[in-house]
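Structure below is input_35.tsv: TSV, C-alpha atoms.
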```tsv
chain	number	residue	atom	x	y	z
A	1	MET	CA	0.00	0.00	0.00
A	2	LYS	CA	1.39	3.26	-1.06
A	3	ARG	CA	1.59	5.85	1.63
A	4	ASN	CA	1.49	9.59	1.14
A	5	ILE	CA	4.22	11.69	2.58
A	6	VAL	CA	3.24	15.19	3.51
A	7	ILE	CA	5.82	17.80	4.28
A	8	ALA	CA	4.46	20.72	6.30
A	9	VAL	CA	6.05	24.07	5.91
A	10	VAL	CA	4.91	26.88	8.17
A	11	THR	CA	5.85	30.42	7.42
A	12	ALA	CA	5.05	33.27	9.79
A	13	ALA	CA	5.41	36.81	8.61
A	14	ALA	CA	5.26	39.66	11.10
A	15	LEU	CA	4.73	43.09	9.62
A	16	VAL	CA	5.39	46.37	11.42
A	17	GLY	CA	2.48	46.97	13.79
A	18	GLY	CA	1.26	43.37	13.65
A	19	GLY	CA	0.46	42.27	10.12
A	20	THR	CA	-0.85	38.98	8.68
A	21	ALA	CA	0.33	35.51	9.68
A	22	THR	CA	0.07	32.80	7.00
A	23	ALA	CA	0.47	29.03	7.39
A	24	LEU	CA	0.86	26.73	4.34
A	25	ALA	CA	0.73	22.92	4.22
A	26	VAL	CA	2.41	21.69	1.04
A	27	SER	CA	2.02	18.07	-0.13
A	28	GLY	CA	4.82	15.86	-1.19
A	29	ASP	CA	4.01	13.98	-4.38
A	30	ASP	CA	0.28	13.29	-3.99
A	31	ASP	CA	-2.20	15.44	-5.90
A	32	ASP	CA	-4.97	14.59	-3.40
A	33	ALA	CA	-3.34	16.49	-0.53
A	34	SER	CA	-4.99	19.75	0.22
A	35	THR	CA	-3.31	23.08	0.69
A	36	PRO	CA	-5.04	24.79	3.60
A	37	VAL	CA	-4.35	28.46	4.19
A	38	THR	CA	-4.97	30.05	7.57
A	39	ARG	CA	-4.98	33.82	7.75
A	40	THR	CA	-5.45	36.05	10.78
A	41	ASP	CA	-5.99	39.68	9.85
A	42	ASP	CA	-5.14	42.50	12.15
A	43	ASP	CA	-8.34	44.01	13.55
A	44	ARG	CA	-6.81	47.36	14.39
A	45	ASP	CA	-8.79	49.02	11.61
A	46	ASP	CA	-12.04	47.84	13.20
A	47	ARG	CA	-10.99	49.26	16.54
A	48	ASP	CA	-10.06	52.54	14.89
A	49	ASP	CA	-13.46	52.70	13.23
A	50	ARG	CA	-15.22	52.10	16.54
A	51	SER	CA	-13.22	54.85	18.22
A	52	ASP	CA	-14.64	57.39	15.77
A	53	ASP	CA	-18.30	56.67	16.52
A	54	GLY	CA	-18.43	58.35	19.91
A	55	GLY	CA	-17.76	55.28	22.01
A	56	GLY	CA	-14.67	56.72	23.70
A	57	ASP	CA	-14.41	58.07	27.22
A	58	SER	CA	-12.91	61.46	26.40
A	59	ASP	CA	-16.25	63.28	26.50
A	60	ASP	CA	-17.81	61.41	29.42
A	61	GLY	CA	-16.78	64.02	31.97
A	62	ASP	CA	-18.21	66.84	29.84
A	63	ARG	CA	-21.50	64.99	29.37
A	64	ALA	CA	-21.79	64.36	33.09
A	65	ALA	CA	-21.32	68.05	33.85
A	66	ALA	CA	-23.71	69.25	31.16
A	67	PRO	CA	-27.42	69.64	31.91
A	68	GLY	CA	-28.44	67.65	28.87
A	69	ASP	CA	-31.16	68.50	26.37
A	70	VAL	CA	-33.68	69.61	29.02
A	71	THR	CA	-33.18	73.25	29.96
A	72	ALA	CA	-33.96	74.77	33.34
A	73	ALA	CA	-37.13	76.29	31.89
A	74	ASP	CA	-38.17	72.91	30.46
A	75	ALA	CA	-37.56	71.20	33.80
A	76	ILE	CA	-39.63	73.81	35.65
A	77	ALA	CA	-42.49	73.39	33.18
A	78	ALA	CA	-42.39	69.60	33.59
A	79	ALA	CA	-42.35	69.90	37.38
A	80	LEU	CA	-45.34	72.26	37.43
A	81	LYS	CA	-47.29	70.01	35.09
A	82	HIS	CA	-46.71	67.16	37.53
A	83	THR	CA	-47.14	69.23	40.71
A	84	PRO	CA	-49.13	72.45	40.29
A	85	GLY	CA	-47.98	75.44	42.32
A	86	THR	CA	-45.33	78.14	42.20
A	87	ALA	CA	-41.80	77.16	41.25
A	88	VAL	CA	-39.33	78.90	43.53
A	89	SER	CA	-36.04	77.29	42.54
A	90	ALA	CA	-34.49	74.86	40.07
A	91	GLU	CA	-31.04	73.35	40.34
A	92	LEU	CA	-29.10	70.73	38.43
A	93	ASP	CA	-27.89	68.47	41.23
A	94	ASP	CA	-26.65	64.86	41.37
A	95	GLY	CA	-27.60	64.11	37.78
A	96	SER	CA	-31.14	65.50	37.85
A	97	TRP	CA	-33.03	68.75	38.01
A	98	GLU	CA	-34.49	69.51	41.44
A	99	ILE	CA	-37.36	71.98	41.43
A	100	ASP	CA	-38.89	73.39	44.60
A	101	VAL	CA	-42.59	74.06	44.17
A	102	LEU	CA	-44.72	75.92	46.70
A	103	GLY	CA	-48.16	74.33	46.74
A	104	LYS	CA	-51.26	75.18	48.71
A	105	GLY	CA	-50.81	76.50	52.21
A	106	ASP	CA	-47.35	75.85	53.58
A	107	THR	CA	-46.75	72.69	51.56
A	108	TRP	CA	-43.52	72.44	49.61
A	109	HIS	CA	-42.77	69.88	46.94
A	110	SER	CA	-39.36	68.87	45.67
A	111	VAL	CA	-39.70	67.48	42.14
A	112	ARG	CA	-36.87	65.69	40.34
A	113	VAL	CA	-36.71	65.81	36.55
A	114	ASP	CA	-34.47	63.82	34.22
A	115	PRO	CA	-32.17	66.28	32.38
A	116	GLY	CA	-32.04	64.02	29.32
A	117	THR	CA	-35.71	63.17	28.82
A	118	GLY	CA	-37.69	65.74	30.82
A	119	LYS	CA	-39.58	62.99	32.64
A	120	VAL	CA	-40.44	63.45	36.30
A	121	LEU	CA	-38.40	60.97	38.33
A	122	GLY	CA	-40.21	61.52	41.62
A	123	SER	CA	-41.31	64.08	44.17
A	124	SER	CA	-41.43	64.55	47.91
A	125	LYS	CA	-43.51	66.77	50.16
A	126	ASP	CA	-42.44	68.88	53.11
A	127	ASP	CA	-43.84	71.61	55.33
A	128	GLU	CA	-41.67	74.70	55.74
A	129	ASP	CA	-42.29	77.85	57.71
A	130	ASP	CA	-41.09	80.33	55.08
A	131	ALA	CA	-44.02	79.97	52.69
A	132	ALA	CA	-45.52	83.30	53.81
A	133	GLU	CA	-42.25	85.11	53.14
A	134	VAL	CA	-41.97	83.65	49.69
A	135	ARG	CA	-45.54	84.56	48.82
A	136	ALA	CA	-44.95	88.11	50.07
A	137	ALA	CA	-41.78	88.42	47.95
A	138	LEU	CA	-43.61	87.27	44.83
A	139	LYS	CA	-46.71	89.40	45.39
A	140	GLY	CA	-47.22	91.86	42.53
A	141	THR	CA	-44.45	90.33	40.42
A	142	SER	CA	-44.90	89.15	36.85
A	143	VAL	CA	-41.75	87.12	36.10
A	144	THR	CA	-41.90	83.43	37.00
A	145	ALA	CA	-38.97	81.13	37.64
A	146	GLU	CA	-39.47	79.63	34.19
A	147	GLN	CA	-39.39	83.05	32.54
A	148	ALA	CA	-36.30	84.00	34.55
A	149	ALA	CA	-34.56	80.84	33.37
A	150	LYS	CA	-35.40	81.65	29.75
A	151	ALA	CA	-34.09	85.20	30.15
A	152	ALA	CA	-30.83	84.05	31.75
A	153	ALA	CA	-30.34	81.43	29.02
A	154	ALA	CA	-29.24	84.26	26.73
A	155	LYS	CA	-26.08	84.45	28.85
A	156	GLY	CA	-25.22	80.74	28.84
A	157	THR	CA	-26.47	77.34	29.94
A	158	VAL	CA	-28.60	77.83	33.05
A	159	VAL	CA	-27.76	75.37	35.82
A	160	SER	CA	-29.78	76.98	38.63
A	161	VAL	CA	-32.50	79.54	39.31
A	162	ASP	CA	-33.44	80.65	42.81
A	163	LEU	CA	-35.61	83.32	44.40
A	164	ASP	CA	-33.72	85.87	46.46
A	165	ASP	CA	-36.32	87.24	48.85
A	166	ASP	CA	-33.95	89.07	51.20
A	167	GLY	CA	-33.92	92.83	51.62
A	168	ASP	CA	-34.73	95.37	48.95
A	169	ASP	CA	-32.80	93.64	46.17
A	170	ARG	CA	-35.30	90.87	45.70
A	171	GLY	CA	-35.24	89.04	42.43
A	172	TRP	CA	-34.32	85.82	40.71
A	173	GLU	CA	-30.76	84.60	40.95
A	174	ALA	CA	-29.51	82.50	38.04
A	175	GLU	CA	-26.23	80.72	37.46
A	176	THR	CA	-25.01	79.95	33.98
A	177	ARG	CA	-22.14	77.87	32.66
A	178	ALA	CA	-20.22	78.68	29.52
A	179	SER	CA	-19.04	75.99	27.11
A	180	GLY	CA	-15.64	76.09	28.80
A	181	GLY	CA	-17.19	75.36	32.19
A	182	ASP	CA	-16.85	78.84	33.70
A	183	GLY	CA	-19.77	79.89	35.91
A	184	GLN	CA	-21.43	83.29	36.16
A	185	ASP	CA	-24.16	84.57	38.47
A	186	TRP	CA	-26.94	86.82	37.23
A	187	SER	CA	-29.82	88.78	38.69
A	188	VAL	CA	-33.15	88.66	36.87
A	189	GLY	CA	-35.81	91.27	37.63
A	190	LEU	CA	-39.10	90.15	39.15
A	191	THR	CA	-41.13	92.49	36.96
A	192	THR	CA	-38.99	93.20	33.89
A	193	ALA	CA	-36.96	89.99	33.40
A	194	SER	CA	-33.93	92.19	32.82
A	195	VAL	CA	-30.68	90.28	33.29
A	196	THR	CA	-27.71	91.93	34.96
A	197	ALA	CA	-24.46	90.55	36.30
A	198	ASP	CA	-24.65	89.79	40.01
A	199	ARG	CA	-22.59	92.43	41.73
A	200	ASP	CA	-21.79	90.04	44.57
A	201	ASP	CA	-20.30	87.52	42.11
A	202	ASP	CA	-16.52	87.33	42.23
```
Entire entry expressed as structure tokens:
Amino acid sequence: MKRNIVIAVVTAAALVGGGTATALAVSGDDDDASTPVTRTDDDRDDRDDRSDDGGGDSDDGDRAAAPGDVTAADAIAAALKHTPGTAVSAELDDGSWEIDVLGKGDTWHSVRVDPGTGKVLGSSKDDEDDAAEVRAALKGTSVTAEQAAKAAAAKGTVVSVDLDDDGDDRGWEAETRASGGDGQDWSVGLTTASVTADRDDD
């Protein structure tokens, strides 16, 4: 019985940066022997393509610090739709908008809104003793927290709006962030919605 003799020759080629490795099996003198070829391509190109589609981590910190698509005014509107009353403050805190709403009597509501979708995440109720002061400060005014947030948005991305009801300089206080991350405080009028730089801001 005639036996086939197969001589295996393996050749490995390494290119700069990790190229293609090729293995060849060459038969001796039998035409029936196969010649398998094994090829392992470098998948660096695939990784490079994936790195261009936004899957990297370089922007994660910026996204975490940004308020998302839902503005302060949008968050206030969503909170009031969920919990009717008077919005007194809105702040981007711990990954969500927190809006304080003064309801009937002395009842306060803290409403959390998702900064990416505008959905209400939850709310809690509390009784505070400063409701009368807040109502007195807002009496006769025409600019709401939502309107103040919209006015301050002309200066940058609004990350908080709060009622300052102390003394004679009552008004809305707003904080904005520029694209570079720098913060600025603004005062928004309770009757005119005029925006001026906060003189107490350093």
Requested in this report: Using all atoms listed in the file, determine which residues lie at most 6 Å from Thr176 in chain A, disregarding the query and same-chain residues fewer than 2 positions distant; provide the list as a PyMOL selection string.
Outcome: chain A and resi 156-159+183-184
Pairwise distance, CA of Arg112 in chain A with CA of Trp97 in chain A, equals 5.4 Å
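Our summary of the geometry notes that CA of Arg177 in chain A is positioned 29.6 Å from CA of Glu133 in chain A.
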May I have a table of the residues of range 173-197 of chain A lying at most 7 Å from range 138-151 of chain A, giving each one's closest pair of atoms and their distance in Å to one decimal, counting only C-alpha atoms, ordered by chain and ascending residue number, as CSV?
```
residue,atom,partner,partner_atom,distance
A:Val188,CA,A:Ala148,CA,6.1
A:Leu190,CA,A:Val143,CA,5.1
A:Thr191,CA,A:Ser142,CA,5.0
A:Ala193,CA,A:Ala148,CA,6.1
A:Val195,CA,A:Ala151,CA,6.9
```
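CA of Glu173 in chain A lies 5.8 Å from CA of Trp186 in chain A.
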